[in-house]
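Read the structure below first, then the notes.
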There are 2 protein chains.
Amino acid sequence: MTTTSTVHALIDPDTPFAVVDEEKALRNAQRLRAHLDRLGVVQRPHVKTSKSVPAALMMHGDQPGPITVSTLAEAEGFAAAGFIDITYAVGIAQHKLPRVIELLRRAVTVTVLVDSIEQARAVAAASAEENLRVPALIEIDADGHRGGVLPGHPILTRIGRILHDAGCLAGVLTHAGESYFAATDDAKRAAALEERDAVVEAAQSLRAAGITVETVSMGSTPTAHFAEDLTGVTEVRAGNYIFFDLVMAGIGVCRIEDIALSVVVTVIGHRPEKGWVLTDGGWMATSRDRGTARQFVDQGYGLIADLDGTLIPGLVMTDASQEHGILTVREGQPLPDLPIGTRLRVLPNHACATAAQYARYHVIGRDRTITDTWDRIQGW
Amino acid sequence: MTTTSTVHALIDPDTPFAVVDEEKALRNAQRLRAHLDRLGVVQRPHVKTSKSVPAALMMHGDQPGPITVSTLAEAEGFAAAGFIDITYAVGIAQHKLPRVIELLRRAVTVTVLVDSIEQARAVAAASAEENLRVPALIEIDADGHRGGVLPGHPILTRIGRILHDAGCLAGVLTHAGESYFAATDDAKRAAALEERDAVVEAAQSLRAAGITVETVSMGSTPTAHFAEDLTGVTEVRAGNYIFFDLVMAGIGVCRIEDIALSVVVTVIGHRPEKGWVLTDGGWMATSRDRGTARQFVDQGYGLIADLDGTLIPGLVMTDASQEHGILTVREGQPLPDLPIGTRLRVLPNHACATAAQYARYHVIGRDRTITDTWDRIQGW
């Protein structure tokens, strides 16, 4: 089943380990960059999926560019690697401002996110006290997914005024989190429009109140790919697309063959009477994320491919304990012959969660050799 | 709501971070050790939950003792800390034997697990080639949960014979994984009996074939606590109990107040119209594990306590994105006043999965100061 003769590289490392297909990741990066270039917006990729400097460089065509981060550990790590324009896209907690200020003093622009009067005041106060300006974006709620201020809500100008008067206001930002559930292309196009309209409306209402707004930031992997007109938007953030995953494939943002991240596991047993193949990759190797459980086709803990990346028809990782995976075949499919010792690749439900289980990736190139090891930034 | 004046220690570290209540962990450790002492069996705690040397020492009354591990990285890390009797309780993959042999040469007994002829032959061959004995246990299937040989199956003596003849057979081992779903005390007692009977029967059938069996190993946190007679069993493995979690509380193995692991998060926003409190602890902080979703009471991503550990009535972490948690109250409960900046503790669904999100724990003592930092062993 596995044509191991052509992929010696993945036979060596101890399993389980995470693999990035360099060619697929590069194609994913180039595709979105070309699309956003056509739409005339700055790309500020979210690096929370890979948390890896080489992947972020790849997203920007091999040079540091504007990025979005989900933790200050990422901000610090990417700053150390030469990234100097960083948006920390989680509502700021006051106690985290000293780490932001430390980076600002080192000439790294770290822009924070607020959606309340309290946070705006904390940003303004810290800026005054430290005699610098902590740049801040106001989070806008485009689709009721998470935090943020509604575009037409009067609190928006109150927050805007506090930040503007302190010299801190950078602009507005939104994230169409509900687009992850947009199963049709029409729904994804509609989500992109809704996201754009929400953040542009917010910018306009601030401007109407005499408040300067420069950055108008939107982005999610589904809406970034399906946006057709981004008039009024200055930058787009998306992150998952560098790897993609079964959730993104399930809603048609990518094809399964675009998924650039997988986990290599080894067959360690069989229970033929149950139709089970056991591997040494459990939930510690894949994460507990079961994002496709809410989709039209539940892909279990992941689809199974051979070491070349070719899907094995009908084979799914259907259960997991900490260090054991259970593979079964879908109804009507024959159980393939996978002797003990066979190595397989598990395609992830959710690349962000699966990648988080690893300290590094093995990167394989076109010639199926391991070309590199990419370290991940861990923790907070 | 939070009586922060008494818990200054947890106000300092950047959130999210993992906290171990030392007193609770110690009480959990002492309770099971006393119970197993009464039953006259050796305790071989599974360290896969904490992956932390001080926690394993605590399980053994402050000295290294026999342990169970889920990865060779744990075996190597604990060996370096003075643990010399280690069972690696995941079916052995042949390519991992060199790491086992390296430890054996350093006088660390690492016992491996097999449930197939192929694995037994690989262990025997490696032992002959390296001129040493790789000790091996045969995995027995007590309850259809995962891998293992059925106690009465003829393959058991075939595997036993191969290992015995190579001087490698250490004994038999089982794990009643289904006991995690045993909701009543009667069901847990029955699971403990079933687990004991399966592994003892397997040992007897090997002995009847003239094969020496020394170790008769069983164990899971539910069955270890509810076993009443372990005649024929030589050792018990359990691990989760050092921390416990909401899954264990949900099936009555512990009380919620016994849970020794929690995650400290900060309130970063509110959506009063939705009844949401937003925190900086998302699934990266808690893991995606939703073990209680299959239980009688679904505890979401975790119950919420104040910094003193006192539960806030009805407050549950009901949704998560990577770095955002959403807290809501159960129907009929008032939404508590939790200003931005408030720190809270999230009790985990599954301690093994939540702990895996962290490189270390902050340990708090009786006087509510941080008494220690415990590092975790990461990776494979």
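Following the order of the structure tokens, first chain is A, next is B, and so on, with residues numbered from 1 inside each chain and ligands from 1 in the order they appear.
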So that each row is one residue of stretch 154-220 of chain A with an atom at most 12 Å from stretch 64-85 of chain A, can you give its shortest atom pair and the distance in Å to one decimal, using only C-alpha atoms, rows by chain and rising number, as JSON lines?
```
{"residue": "A:Leu173", "atom": "CA", "partner": "A:Thr68", "partner_atom": "CA", "distance": 11.4}
{"residue": "A:His175", "atom": "CA", "partner": "A:Thr68", "partner_atom": "CA", "distance": 12.0}
{"residue": "A:Ser217", "atom": "CA", "partner": "A:Thr68", "partner_atom": "CA", "distance": 10.7}
{"residue": "A:Met218", "atom": "CA", "partner": "A:Thr68", "partner_atom": "CA", "distance": 11.3}
{"residue": "A:Gly219", "atom": "CA", "partner": "A:Thr68", "partner_atom": "CA", "distance": 10.5}
{"residue": "A:Ser220", "atom": "CA", "partner": "A:Thr68", "partner_atom": "CA", "distance": 11.5}
```
Just-selected residues, C-alpha atoms written as a CSV table (one decimal), in the first residue's frame:
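Below is the file part.csv, written as the result:
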```
chain,number,residue,atom,x,y,z
A,173,LEU,CA,-10.4,45.2,12.9
A,175,HIS,CA,-12.8,38.6,12.0
A,217,SER,CA,-8.6,45.2,8.8
A,218,MET,CA,-10.6,42.1,8.1
A,219,GLY,CA,-9.9,38.5,7.6
A,220,SER,CA,-10.4,34.8,8.0
```
Can you build me a table of chain B residues sitting at most 7 Å from chain A, with the closest atom pair per residue and its distance in Å to one decimal, using only C-alpha atoms, sorted by chain and residue number, as a Markdown table?
```
| residue | atom | partner | partner_atom | distance |
| --- | --- | --- | --- | --- |
| B:Ser70 | CA | A:Glu323 | CA | 6.7 |
| B:Gly91 | CA | A:Ile268 | CA | 6.0 |
| B:Ile92 | CA | A:Ile268 | CA | 6.7 |
| B:Ala93 | CA | A:Ile268 | CA | 5.8 |
| B:Gln94 | CA | A:Gly341 | CA | 6.9 |
| B:Gly147 | CA | A:Gly269 | CA | 6.9 |
| B:Ile268 | CA | A:Ala93 | CA | 5.8 |
| B:Gly269 | CA | A:Gly147 | CA | 6.9 |
| B:Arg271 | CA | A:Gly147 | CA | 7.0 |
| B:Arg288 | CA | A:Arg288 | CA | 5.1 |
| B:Asp289 | CA | A:Arg288 | CA | 5.4 |
| B:Glu323 | CA | A:Ser70 | CA | 6.7 |
| B:Gly341 | CA | A:Ala93 | CA | 6.4 |
| B:Tyr358 | CA | A:Gly379 | CA | 6.9 |
| B:Gly379 | CA | A:Tyr358 | CA | 6.8 |
```
Those in stretch 92-322 of chain B with strand (DSSP E) from DSSP, as a PyMOL selection string: chain B and resi 109-114+136-140+169-174+215-218+235-236+261-271+276-279+302-305+311-321
If you run DSSP on the backbone here, which positions in stretch 79-283 of chain A get helix (DSSP H, G or I)? Please write them as a count of residues only. 86
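When atom CA of B:Leu344 is paired with atom CA of B:Thr369, their separation reads 16.4 Å.
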Just want the 7 Å neighbourhood of A:Ile251, counted on only C-alpha atoms, with same-chain residues fewer than 2 positions away dropped. Output as a PDB file with C-alpha atoms, in the first residue's frame.
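New file part26.pdb:
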```pdb
ATOM      1  CA  ALA A 182     -20.197  28.774   5.434  1.00  0.00           C
ATOM      2  CA  ALA A 183     -20.592  25.567   3.468  1.00  0.00           C
ATOM      3  CA  THR A 184     -21.417  26.972   0.020  1.00  0.00           C
ATOM      4  CA  VAL A 247     -12.433  21.610   8.082  1.00  0.00           C
ATOM      5  CA  MET A 248     -11.395  24.019   5.315  1.00  0.00           C
ATOM      6  CA  ALA A 249     -11.698  21.251   2.721  1.00  0.00           C
ATOM      7  CA  VAL A 253     -11.992  26.582   0.708  1.00  0.00           C
TER       8      VAL A 253
END
```
Closest of A:Lys24, A:His46, A:Arg366, A:His60 to A:Cys254 - atom-to-atom distances counting only C-alpha atoms: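 Of the candidates, the smallest distance to A:Cys254 is held by A:Lys24.
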From the options B:Val110, B:Leu206, B:Val346, B:Ala166, which residue's atoms come nearest to B:Ile304, counting only C-alpha atoms? B:Val346
At a cut-off of 6 Å, using only C-alpha atoms, what residues contact A:Ala18? Leave out same-chain residues fewer than 3 positions from it and give the result as a list in words. Ser262, Val263 and Tyr361 of chain A
Would you mind telling me which residue in A:Leu103, A:Val20, A:Leu32, A:Ala203 lies nearest to A:Ala227 when using only C-alpha atoms? A:Leu32
Which residues are near B:Thr157? Cut-off 8 Å, only C-alpha atoms, ignore same chain within fewer than 4 positions. Put them as number ranges by chain. B: 161, 205-206, 209
